[in-house]
file structure-v2.pdb (PDB, N, CA and C atoms)
ATOM      1  N   MET Q   1     218.706-234.853 -56.559
ATOM      2  CA  MET Q   1     219.162-235.440 -55.303
ATOM      3  C   MET Q   1     220.457-234.738 -54.877
ATOM      4  N   PRO Q   2     220.497-234.194 -53.628
ATOM      5  CA  PRO Q   2     221.696-233.477 -53.200
ATOM      6  C   PRO Q   2     222.859-234.431 -52.961
ATOM      7  N   CYS Q   3     224.055-233.939 -53.205
ATOM      8  CA  CYS Q   3     225.221-234.777 -52.920
ATOM      9  C   CYS Q   3     225.444-234.798 -51.414
ATOM     10  N   GLN Q   4     226.250-235.741 -50.943
ATOM     11  CA  GLN Q   4     226.455-235.912 -49.510
ATOM     12  C   GLN Q   4     227.197-234.744 -48.873
ATOM     13  N   ASP Q   5     227.820-233.890 -49.674
ATOM     14  CA  ASP Q   5     228.546-232.748 -49.137
ATOM     15  C   ASP Q   5     227.643-231.546 -48.892
ATOM     16  N   GLU Q   6     226.390-231.639 -49.307
ATOM     17  CA  GLU Q   6     225.453-230.533 -49.146
ATOM     18  C   GLU Q   6     224.536-230.782 -47.958
ATOM     19  N   LEU Q   7     224.112-229.693 -47.334
ATOM     20  CA  LEU Q   7     223.134-229.797 -46.270
ATOM     21  C   LEU Q   7     221.769-230.107 -46.876
ATOM     22  N   SER Q   8     220.961-230.813 -46.119
ATOM     23  CA  SER Q   8     219.596-231.092 -46.566
ATOM     24  C   SER Q   8     218.768-229.810 -46.454
ATOM     25  N   ALA Q   9     217.596-229.824 -47.041
ATOM     26  CA  ALA Q   9     216.700-228.666 -46.948
ATOM     27  C   ALA Q   9     216.352-228.376 -45.491
ATOM     28  N   GLU Q  10     216.129-229.414 -44.694
ATOM     29  CA  GLU Q  10     215.817-229.222 -43.271
ATOM     30  C   GLU Q  10     217.006-228.606 -42.532
ATOM     31  N   GLU Q  11     218.202-229.083 -42.810
ATOM     32  CA  GLU Q  11     219.388-228.534 -42.143
ATOM     33  C   GLU Q  11     219.592-227.061 -42.497
ATOM     34  N   ARG Q  12     219.396-226.722 -43.755
ATOM     35  CA  ARG Q  12     219.499-225.310 -44.167
ATOM     36  C   ARG Q  12     218.426-224.471 -43.493
ATOM     37  N   ALA Q  13     217.215-225.017 -43.386
ATOM     38  CA  ALA Q  13     216.111-224.296 -42.738
ATOM     39  C   ALA Q  13     216.409-224.045 -41.263
ATOM     40  N   ILE Q  14     217.034-225.000 -40.603
ATOM     41  CA  ILE Q  14     217.408-224.820 -39.198
ATOM     42  C   ILE Q  14     218.374-223.649 -39.059
ATOM     43  N   LEU Q  15     219.374-223.596 -39.921
ATOM     44  CA  LEU Q  15     220.336-222.496 -39.866
ATOM     45  C   LEU Q  15     219.674-221.170 -40.240
ATOM     46  N   GLU Q  16     218.740-221.197 -41.158
ATOM     47  CA  GLU Q  16     218.033-219.971 -41.531
ATOM     48  C   GLU Q  16     217.187-219.448 -40.377
ATOM     49  N   VAL Q  17     216.531-220.352 -39.647
ATOM     50  CA  VAL Q  17     215.763-219.931 -38.470
ATOM     51  C   VAL Q  17     216.704-219.294 -37.451
ATOM     52  N   GLU Q  18     217.863-219.870 -37.277
ATOM     53  CA  GLU Q  18     218.826-219.337 -36.307
ATOM     54  C   GLU Q  18     219.263-217.921 -36.683
ATOM     55  N   THR Q  19     219.346-217.623 -37.959
ATOM     56  CA  THR Q  19     219.827-216.305 -38.380
ATOM     57  C   THR Q  19     218.728-215.264 -38.531
ATOM     58  N   SER Q  20     217.472-215.713 -38.627
ATOM     59  CA  SER Q  20     216.426-214.719 -38.893
ATOM     60  C   SER Q  20     215.075-215.052 -38.260
ATOM     61  N   TRP Q  21     215.078-215.698 -37.118
ATOM     62  CA  TRP Q  21     213.815-216.106 -36.502
ATOM     63  C   TRP Q  21     212.885-214.924 -36.247
ATOM     64  N   TRP Q  22     213.428-213.764 -35.946
ATOM     65  CA  TRP Q  22     212.610-212.589 -35.619
ATOM     66  C   TRP Q  22     211.825-212.067 -36.815
ATOM     67  N   THR Q  23     212.219-212.463 -38.014
ATOM     68  CA  THR Q  23     211.461-212.063 -39.203
ATOM     69  C   THR Q  23     210.328-213.049 -39.498
ATOM     70  N   ILE Q  24     210.320-214.176 -38.791
ATOM     71  CA  ILE Q  24     209.323-215.221 -39.011
ATOM     72  C   ILE Q  24     208.180-215.105 -37.999
ATOM     73  N   ALA Q  25     208.529-214.839 -36.741
ATOM     74  CA  ALA Q  25     207.529-214.788 -35.672
ATOM     75  C   ALA Q  25     208.051-213.934 -34.522
ATOM     76  N   ALA Q  26     207.174-213.671 -33.560
ATOM     77  CA  ALA Q  26     207.530-212.816 -32.428
ATOM     78  C   ALA Q  26     208.527-213.480 -31.473
ATOM     79  N   THR Q  27     208.504-214.793 -31.393
ATOM     80  CA  THR Q  27     209.441-215.506 -30.525
ATOM     81  C   THR Q  27     210.162-216.578 -31.319
ATOM     82  N   LYS Q  28     211.314-216.945 -30.835
ATOM     83  CA  LYS Q  28     212.084-217.983 -31.523
ATOM     84  C   LYS Q  28     211.343-219.321 -31.501
ATOM     85  N   GLU Q  29     210.713-219.616 -30.371
ATOM     86  CA  GLU Q  29     209.969-220.865 -30.256
ATOM     87  C   GLU Q  29     208.852-220.939 -31.294
ATOM     88  N   ARG Q  30     208.148-219.832 -31.482
ATOM     89  CA  ARG Q  30     207.067-219.786 -32.465
ATOM     90  C   ARG Q  30     207.625-219.908 -33.892
ATOM     91  N   ALA Q  31     208.766-219.272 -34.147
ATOM     92  CA  ALA Q  31     209.390-219.360 -35.467
ATOM     93  C   ALA Q  31     209.794-220.794 -35.782
ATOM     94  N   ILE Q  32     210.325-221.496 -34.792
ATOM     95  CA  ILE Q  32     210.704-222.901 -34.974
ATOM     96  C   ILE Q  32     209.478-223.722 -35.329
ATOM     97  N   GLU Q  33     208.402-223.504 -34.593
ATOM     98  CA  GLU Q  33     207.166-224.239 -34.844
ATOM     99  C   GLU Q  33     206.591-223.910 -36.224
ATOM    100  N   GLN Q  34     206.545-222.623 -36.565
ATOM    101  CA  GLN Q  34     205.954-222.221 -37.845
ATOM    102  C   GLN Q  34     206.792-222.642 -39.042
ATOM    103  N   ARG Q  35     208.088-222.425 -38.974
ATOM    104  CA  ARG Q  35     208.956-222.680 -40.134
ATOM    105  C   ARG Q  35     209.311-224.148 -40.294
ATOM    106  N   LEU Q  36     209.552-224.822 -39.159
ATOM    107  CA  LEU Q  36     210.061-226.194 -39.220
ATOM    108  C   LEU Q  36     209.044-227.256 -38.816
ATOM    109  N   GLY Q  37     208.062-226.868 -38.008
ATOM    110  CA  GLY Q  37     207.065-227.827 -37.552
ATOM    111  C   GLY Q  37     207.604-228.859 -36.592
ATOM    112  N   ILE Q  38     208.628-228.487 -35.829
ATOM    113  CA  ILE Q  38     209.215-229.409 -34.845
ATOM    114  C   ILE Q  38     209.254-228.716 -33.482
ATOM    115  N   SER Q  39     209.467-229.496 -32.427
ATOM    116  CA  SER Q  39     209.561-228.933 -31.084
ATOM    117  C   SER Q  39     210.881-228.191 -30.915
ATOM    118  N   THR Q  40     210.924-227.293 -29.946
ATOM    119  CA  THR Q  40     212.179-226.581 -29.686
ATOM    120  C   THR Q  40     213.258-227.548 -29.199
ATOM    121  N   THR Q  41     212.851-228.573 -28.463
ATOM    122  CA  THR Q  41     213.825-229.570 -28.009
ATOM    123  C   THR Q  41     214.491-230.244 -29.206
ATOM    124  N   ARG Q  42     213.692-230.648 -30.165
ATOM    125  CA  ARG Q  42     214.225-231.295 -31.382
ATOM    126  C   ARG Q  42     215.100-230.321 -32.164
ATOM    127  N   TYR Q  43     214.659-229.075 -32.250
ATOM    128  CA  TYR Q  43     215.418-228.038 -32.955
ATOM    129  C   TYR Q  43     216.819-227.899 -32.364
ATOM    130  N   TYR Q  44     216.887-227.744 -31.041
ATOM    131  CA  TYR Q  44     218.196-227.541 -30.420
ATOM    132  C   TYR Q  44     219.074-228.786 -30.510
ATOM    133  N   LEU Q  45     218.478-229.965 -30.506
ATOM    134  CA  LEU Q  45     219.247-231.192 -30.706
ATOM    135  C   LEU Q  45     219.852-231.212 -32.110
ATOM    136  N   LEU Q  46     219.036-230.904 -33.118
ATOM    137  CA  LEU Q  46     219.527-230.889 -34.495
ATOM    138  C   LEU Q  46     220.548-229.777 -34.704
ATOM    139  N   LEU Q  47     220.305-228.611 -34.112
ATOM    140  CA  LEU Q  47     221.257-227.508 -34.237
ATOM    141  C   LEU Q  47     222.595-227.889 -33.610
ATOM    142  N   SER Q  48     222.558-228.517 -32.464
ATOM    143  CA  SER Q  48     223.789-228.950 -31.797
ATOM    144  C   SER Q  48     224.580-229.915 -32.682
ATOM    145  N   GLN Q  49     223.885-230.822 -33.327
ATOM    146  CA  GLN Q  49     224.558-231.758 -34.230
ATOM    147  C   GLN Q  49     225.163-231.024 -35.420
ATOM    148  N   LEU Q  50     224.468-230.012 -35.912
ATOM    149  CA  LEU Q  50     224.982-229.239 -37.042
ATOM    150  C   LEU Q  50     226.258-228.482 -36.686
ATOM    151  N   LEU Q  51     226.381-228.066 -35.437
ATOM    152  CA  LEU Q  51     227.573-227.309 -35.039
ATOM    153  C   LEU Q  51     228.853-228.122 -35.197
ATOM    154  N   ASP Q  52     228.719-229.430 -35.158
ATOM    155  CA  ASP Q  52     229.883-230.301 -35.315
ATOM    156  C   ASP Q  52     229.974-230.927 -36.701
ATOM    157  N   ASP Q  53     229.183-230.418 -37.624
ATOM    158  CA  ASP Q  53     229.128-230.955 -38.981
ATOM    159  C   ASP Q  53     229.919-230.026 -39.915
ATOM    160  N   GLU Q  54     230.938-230.560 -40.532
ATOM    161  CA  GLU Q  54     231.790-229.765 -41.423
ATOM    162  C   GLU Q  54     231.001-229.130 -42.566
ATOM    163  N   ARG Q  55     229.953-229.812 -43.016
ATOM    164  CA  ARG Q  55     229.123-229.253 -44.093
ATOM    165  C   ARG Q  55     228.465-227.945 -43.658
ATOM    166  N   ALA Q  56     228.026-227.886 -42.398
ATOM    167  CA  ALA Q  56     227.406-226.664 -41.873
ATOM    168  C   ALA Q  56     228.434-225.546 -41.809
ATOM    169  N   TRP Q  57     229.657-225.896 -41.426
ATOM    170  CA  TRP Q  57     230.732-224.902 -41.373
ATOM    171  C   TRP Q  57     230.964-224.292 -42.756
ATOM    172  N   HIS Q  58     230.997-225.124 -43.768
ATOM    173  CA  HIS Q  58     231.213-224.630 -45.126
ATOM    174  C   HIS Q  58     230.012-223.816 -45.637
ATOM    175  N   TYR Q  59     228.835-224.135 -45.162
ATOM    176  CA  TYR Q  59     227.618-223.440 -45.586
ATOM    177  C   TYR Q  59     227.570-222.013 -45.015
ATOM    178  N   ASP Q  60     227.933-221.858 -43.714
ATOM    179  CA  ASP Q  60     227.864-220.536 -43.079
ATOM    180  C   ASP Q  60     228.917-220.442 -41.962
ATOM    181  N   PRO Q  61     230.188-220.238 -42.333
ATOM    182  CA  PRO Q  61     231.262-220.216 -41.328
ATOM    183  C   PRO Q  61     231.063-219.200 -40.197
ATOM    184  N   PRO Q  62     230.639-217.956 -40.474
ATOM    185  CA  PRO Q  62     230.471-217.009 -39.360
ATOM    186  C   PRO Q  62     229.413-217.460 -38.349
ATOM    187  N   LEU Q  63     228.296-217.958 -38.846
ATOM    188  CA  LEU Q  63     227.232-218.416 -37.950
ATOM    189  C   LEU Q  63     227.695-219.598 -37.116
ATOM    190  N   ILE Q  64     228.262-220.604 -37.761
ATOM    191  CA  ILE Q  64     228.683-221.802 -37.043
ATOM    192  C   ILE Q  64     229.789-221.463 -36.045
ATOM    193  N   GLY Q  65     230.728-220.613 -36.431
ATOM    194  CA  GLY Q  65     231.785-220.194 -35.503
ATOM    195  C   GLY Q  65     231.224-219.481 -34.285
ATOM    196  N   ARG Q  66     230.276-218.573 -34.512
ATOM    197  CA  ARG Q  66     229.660-217.831 -33.399
ATOM    198  C   ARG Q  66     228.899-218.771 -32.474
ATOM    199  N   LEU Q  67     228.135-219.687 -33.049
ATOM    200  CA  LEU Q  67     227.365-220.620 -32.228
ATOM    201  C   LEU Q  67     228.258-221.597 -31.473
ATOM    202  N   ARG Q  68     229.341-222.018 -32.084
ATOM    203  CA  ARG Q  68     230.299-222.889 -31.376
ATOM    204  C   ARG Q  68     230.910-222.150 -30.196
ATOM    205  N   ASP Q  69     231.278-220.894 -30.419
ATOM    206  CA  ASP Q  69     231.851-220.104 -29.333
ATOM    207  C   ASP Q  69     230.866-219.959 -28.177
ATOM    208  N   LEU Q  70     229.606-219.666 -28.491
ATOM    209  CA  LEU Q  70     228.585-219.553 -27.450
ATOM    210  C   LEU Q  70     228.405-220.866 -26.701
ATOM    211  N   ARG Q  71     228.363-221.965 -27.447
ATOM    212  CA  ARG Q  71     228.221-223.277 -26.815
ATOM    213  C   ARG Q  71     229.400-223.562 -25.892
ATOM    214  N   ASP Q  72     230.608-223.289 -26.377
ATOM    215  CA  ASP Q  72     231.802-223.552 -25.574
ATOM    216  C   ASP Q  72     231.834-222.694 -24.313
ATOM    217  N   GLN Q  73     231.392-221.436 -24.424
ATOM    218  CA  GLN Q  73     231.327-220.552 -23.257
ATOM    219  C   GLN Q  73     230.345-221.086 -22.228
ATOM    220  N   ARG Q  74     229.195-221.511 -22.697
ATOM    221  CA  ARG Q  74     228.181-222.041 -21.775
ATOM    222  C   ARG Q  74     228.660-223.322 -21.099
ATOM    223  N   LEU Q  75     229.318-224.171 -21.850
ATOM    224  CA  LEU Q  75     229.853-225.402 -21.255
ATOM    225  C   LEU Q  75     230.924-225.080 -20.223
ATOM    226  N   ALA Q  76     231.776-224.126 -20.519
ATOM    227  CA  ALA Q  76     232.832-223.740 -19.585
ATOM    228  C   ALA Q  76     232.233-223.147 -18.309
ATOM    229  N   GLU Q  77     231.183-222.346 -18.462
ATOM    230  CA  GLU Q  77     230.522-221.751 -17.294
ATOM    231  C   GLU Q  77     229.912-222.813 -16.399
ATOM    232  N   ARG Q  78     229.441-223.897 -16.995
ATOM    233  CA  ARG Q  78     228.853-224.995 -16.224
ATOM    234  C   ARG Q  78     229.904-225.958 -15.697
ATOM    235  N   GLY Q  79     231.144-225.754 -16.103
ATOM    236  CA  GLY Q  79     232.199-226.659 -15.686
ATOM    237  C   GLY Q  79     232.251-227.926 -16.496
ATOM    238  N   SER Q  80     231.552-227.930 -17.626
ATOM    239  CA  SER Q  80     231.564-229.096 -18.503
ATOM    240  C   SER Q  80     232.814-229.072 -19.358
ATOM    241  N   THR Q  81     233.171-230.209 -19.863
ATOM    242  CA  THR Q  81     234.335-230.322 -20.732
ATOM    243  C   THR Q  81     233.987-229.842 -22.127
ATOM    244  N   VAL Q  82     234.839-229.030 -22.700
ATOM    245  CA  VAL Q  82     234.692-228.602 -24.081
ATOM    246  C   VAL Q  82     235.516-229.552 -24.923
ATOM    247  N   PHE Q  83     234.897-230.140 -25.929
ATOM    248  CA  PHE Q  83     235.573-231.101 -26.772
ATOM    249  C   PHE Q  83     236.116-230.432 -28.018
ATOM    250  N   PRO Q  84     237.416-230.269 -28.122
ATOM    251  CA  PRO Q  84     237.999-229.540 -29.240
ATOM    252  C   PRO Q  84     238.231-230.366 -30.502
ATOM    253  N   GLU Q  85     237.703-231.584 -30.566
ATOM    254  CA  GLU Q  85     238.028-232.434 -31.719
ATOM    255  C   GLU Q  85     237.586-231.837 -33.044
ATOM    256  N   ASN Q  86     236.597-230.972 -33.032
ATOM    257  CA  ASN Q  86     236.134-230.368 -34.274
ATOM    258  C   ASN Q  86     236.595-228.926 -34.430
ATOM    259  N   SER Q  87     237.430-228.458 -33.533
ATOM    260  CA  SER Q  87     237.874-227.066 -33.620
ATOM    261  C   SER Q  87     238.759-226.829 -34.845
ATOM    262  N   HIS Q  88     239.309-227.874 -35.421
ATOM    263  CA  HIS Q  88     240.145-227.739 -36.616
ATOM    264  C   HIS Q  88     239.335-227.376 -37.849
ATOM    265  N   ILE Q  89     238.022-227.530 -37.770
ATOM    266  CA  ILE Q  89     237.165-227.280 -38.921
ATOM    267  C   ILE Q  89     237.066-225.781 -39.205
ATOM    268  N   ARG Q  90     237.307-224.942 -38.233
ATOM    269  CA  ARG Q  90     237.172-223.502 -38.410
ATOM    270  C   ARG Q  90     238.103-222.997 -39.387
TER     271      ARG Q  90
END
call {"tool": "encode", "arguments": {"input": "structure-v2.pdb", "output": "structure tokens"}}
result
Amino acid sequence: MPCQDELSAEERAILEVETSWWTIAATKERAIEQRLGISTTRYYLLLSQLLDDERAWHYDPPLIGRLRDLRDQRLAERGSTVFPENSHIR
């Protein structure tokens, strides 16, 4: 049984798809379906939650930092508020 400080197998698989989807299938959507068996909508919801999870940061800091930066850029482009409450985790 994993301790609470570790990511679950599903959470690790989500991050693995994000880093290597092109080795799984021709499209990211297909890789999500093949590797995880979930919809892309569910995938992006879970990935978004992982970006604010300190455990994910400790698991793969470069990936989480890059994805947070991309998310923050997209929010800024849309005029949405960027919430810095988790920026201390970096």
call {"tool": "atom_distance", "arguments": {"input": "structure-v2.pdb", "atom1": "atom CA of Arg42 of chain Q", "atom2": "atom CA of Gly79 of chain Q"}}
result
24.3 Å
call {"tool": "select_by_dssp", "arguments": {"input": "structure-v2.pdb", "residues": "chain Q", "states": "alpha helix (DSSP H)", "output": "number ranges by chain"}}
result
Q: 9-20, 28-36, 40-51, 54-59, 61-78
call {"tool": "atom_distance", "arguments": {"input": "structure-v2.pdb", "atom1": "atom CA of Gln49 of chain Q", "atom2": "atom N of Ala25 of chain Q"}}
result
23.4 Å
call {"tool": "axis_aligned_box", "arguments": {"input": "structure-v2.pdb", "around": "segment 20-38 of chain Q", "padding_each_side": "6 Å", "output": "JSON"}}
result
{"center_x": 211.7, "center_y": -220.7, "center_z": -35.3, "size_x": 23.5, "size_y": 29.3, "size_z": 22.0}
call {"tool": "residues_near_point", "arguments": {"input": "structure-v2.pdb", "point": "(219.9, -229.5, -41.2)", "cutoff": "9 Å", "atoms": "only C-alpha atoms", "output": "list of chain:residue names"}}
result
Q:Leu7, Q:Ser8, Q:Ala9, Q:Glu10, Q:Glu11, Q:Arg12, Q:Ala13, Q:Ile14, Q:Leu15, Q:Leu46, Q:Leu47, Q:Gln49, Q:Leu50, Q:Ala56
call {"tool": "closest_residue", "arguments": {"input": "structure-v2.pdb", "among": "Q:Lys28, Q:Glu77, Q:Glu54, Q:Gly65", "to": "Glu16 of chain Q", "atoms": "only C-alpha atoms"}}
result
Q:Lys28
call {"tool": "atom_distance", "arguments": {"input": "structure-v2.pdb", "atom1": "atom N of Asp5 of chain Q", "atom2": "atom N of Asp53 of chain Q"}}
result
12.6 Å
call {"tool": "closest_residue", "arguments": {"input": "structure-v2.pdb", "among": "Q:Glu6, Q:Glu33, Q:Thr19, Q:Tyr44", "to": "Trp57 of chain Q", "atoms": "only C-alpha atoms"}}
result
Q:Glu6
call {"tool": "decode", "arguments": {"input": "structure-v2.pdb", "residues": "segment 7-18 of chain Q", "atoms": "all heavy atoms", "output": "CSV table (one decimal), in the first residue's frame"}}
result
chain,number,residue,atom,x,y,z
Q,7,LEU,N,2.5,9.3,-5.3
Q,7,LEU,CA,1.5,9.4,-6.3
Q,7,LEU,C,0.9,7.9,-6.5
Q,7,LEU,O,1.6,7.0,-6.4
Q,7,LEU,CB,2.0,9.9,-7.6
Q,7,LEU,CG,2.5,11.3,-7.6
Q,7,LEU,CD1,3.1,11.7,-9.0
Q,7,LEU,CD2,1.3,12.3,-7.3
Q,8,SER,N,-0.4,7.9,-6.8
Q,8,SER,CA,-1.0,6.6,-7.2
Q,8,SER,C,-0.4,6.1,-8.5
Q,8,SER,O,0.1,6.9,-9.3
Q,8,SER,CB,-2.5,6.7,-7.2
Q,8,SER,OG,-2.9,7.5,-8.3
Q,9,ALA,N,-0.7,4.9,-8.8
Q,9,ALA,CA,-0.3,4.3,-10.1
Q,9,ALA,C,-1.0,5.1,-11.3
Q,9,ALA,O,-0.4,5.4,-12.3
Q,9,ALA,CB,-0.7,2.9,-10.2
Q,10,GLU,N,-2.2,5.5,-11.1
Q,10,GLU,CA,-2.9,6.3,-12.1
Q,10,GLU,C,-2.3,7.7,-12.3
Q,10,GLU,O,-2.1,8.1,-13.4
Q,10,GLU,CB,-4.4,6.4,-11.8
Q,10,GLU,CG,-5.2,7.2,-12.8
Q,10,GLU,CD,-6.6,7.5,-12.5
Q,10,GLU,OE1,-6.9,7.8,-11.3
Q,10,GLU,OE2,-7.5,7.4,-13.4
Q,11,GLU,N,-2.0,8.3,-11.2
Q,11,GLU,CA,-1.4,9.6,-11.2
Q,11,GLU,C,0.0,9.6,-11.9
Q,11,GLU,O,0.3,10.4,-12.8
Q,11,GLU,CB,-1.2,10.2,-9.8
Q,11,GLU,CG,-2.6,10.6,-9.2
Q,11,GLU,CD,-2.5,10.8,-7.7
Q,11,GLU,OE1,-1.6,10.2,-7.0
Q,11,GLU,OE2,-3.3,11.6,-7.2
Q,12,ARG,N,0.8,8.6,-11.6
Q,12,ARG,CA,2.1,8.4,-12.3
Q,12,ARG,C,1.9,8.1,-13.8
Q,12,ARG,O,2.6,8.7,-14.7
Q,12,ARG,CB,2.9,7.3,-11.7
Q,12,ARG,CG,3.4,7.6,-10.3
Q,12,ARG,CD,4.4,6.6,-9.8
Q,12,ARG,NE,3.9,5.2,-9.8
Q,12,ARG,CZ,3.2,4.6,-8.9
Q,12,ARG,NH1,2.9,5.3,-7.8
Q,12,ARG,NH2,2.8,3.4,-9.0
Q,13,ALA,N,0.8,7.3,-14.1
Q,13,ALA,CA,0.5,7.0,-15.6
Q,13,ALA,C,0.1,8.3,-16.3
Q,13,ALA,O,0.5,8.5,-17.5
Q,13,ALA,CB,-0.5,5.9,-15.6
Q,14,ILE,N,-0.6,9.1,-15.7
Q,14,ILE,CA,-1.0,10.4,-16.3
Q,14,ILE,C,0.2,11.2,-16.7
Q,14,ILE,O,0.3,11.7,-17.8
Q,14,ILE,CB,-2.0,11.2,-15.4
Q,14,ILE,CG1,-3.3,10.5,-15.4
Q,14,ILE,CG2,-2.1,12.6,-15.8
Q,14,ILE,CD1,-4.3,11.0,-14.3
Q,15,LEU,N,1.1,11.3,-15.7
Q,15,LEU,CA,2.4,12.1,-16.0
Q,15,LEU,C,3.2,11.4,-17.0
Q,15,LEU,O,3.9,12.1,-17.9
Q,15,LEU,CB,3.1,12.3,-14.7
Q,15,LEU,CG,2.4,13.2,-13.6
Q,15,LEU,CD1,3.3,13.3,-12.4
Q,15,LEU,CD2,2.0,14.5,-14.2
Q,16,GLU,N,3.2,10.1,-17.0
Q,16,GLU,CA,4.0,9.4,-18.1
Q,16,GLU,C,3.4,9.6,-19.5
Q,16,GLU,O,4.2,9.8,-20.4
Q,16,GLU,CB,4.1,7.9,-17.7
Q,16,GLU,CG,4.9,7.6,-16.5
Q,16,GLU,CD,4.7,6.2,-15.9
Q,16,GLU,OE1,4.0,5.4,-16.5
Q,16,GLU,OE2,5.2,6.0,-14.8
Q,17,VAL,N,2.1,9.6,-19.6
Q,17,VAL,CA,1.5,9.9,-20.9
Q,17,VAL,C,1.9,11.3,-21.3
Q,17,VAL,O,2.2,11.5,-22.5
Q,17,VAL,CB,-0.1,9.8,-20.8
Q,17,VAL,CG1,-0.7,10.4,-22.0
Q,17,VAL,CG2,-0.4,8.3,-20.7
Q,18,GLU,N,1.9,12.2,-20.4
Q,18,GLU,CA,2.2,13.6,-20.7
Q,18,GLU,C,3.7,13.7,-21.3
Q,18,GLU,O,3.9,14.6,-22.1
Q,18,GLU,CB,2.0,14.5,-19.5
Q,18,GLU,CG,2.1,16.0,-19.8
Q,18,GLU,CD,1.0,16.5,-20.8
Q,18,GLU,OE1,-0.1,15.9,-20.8
Q,18,GLU,OE2,1.3,17.5,-21.5
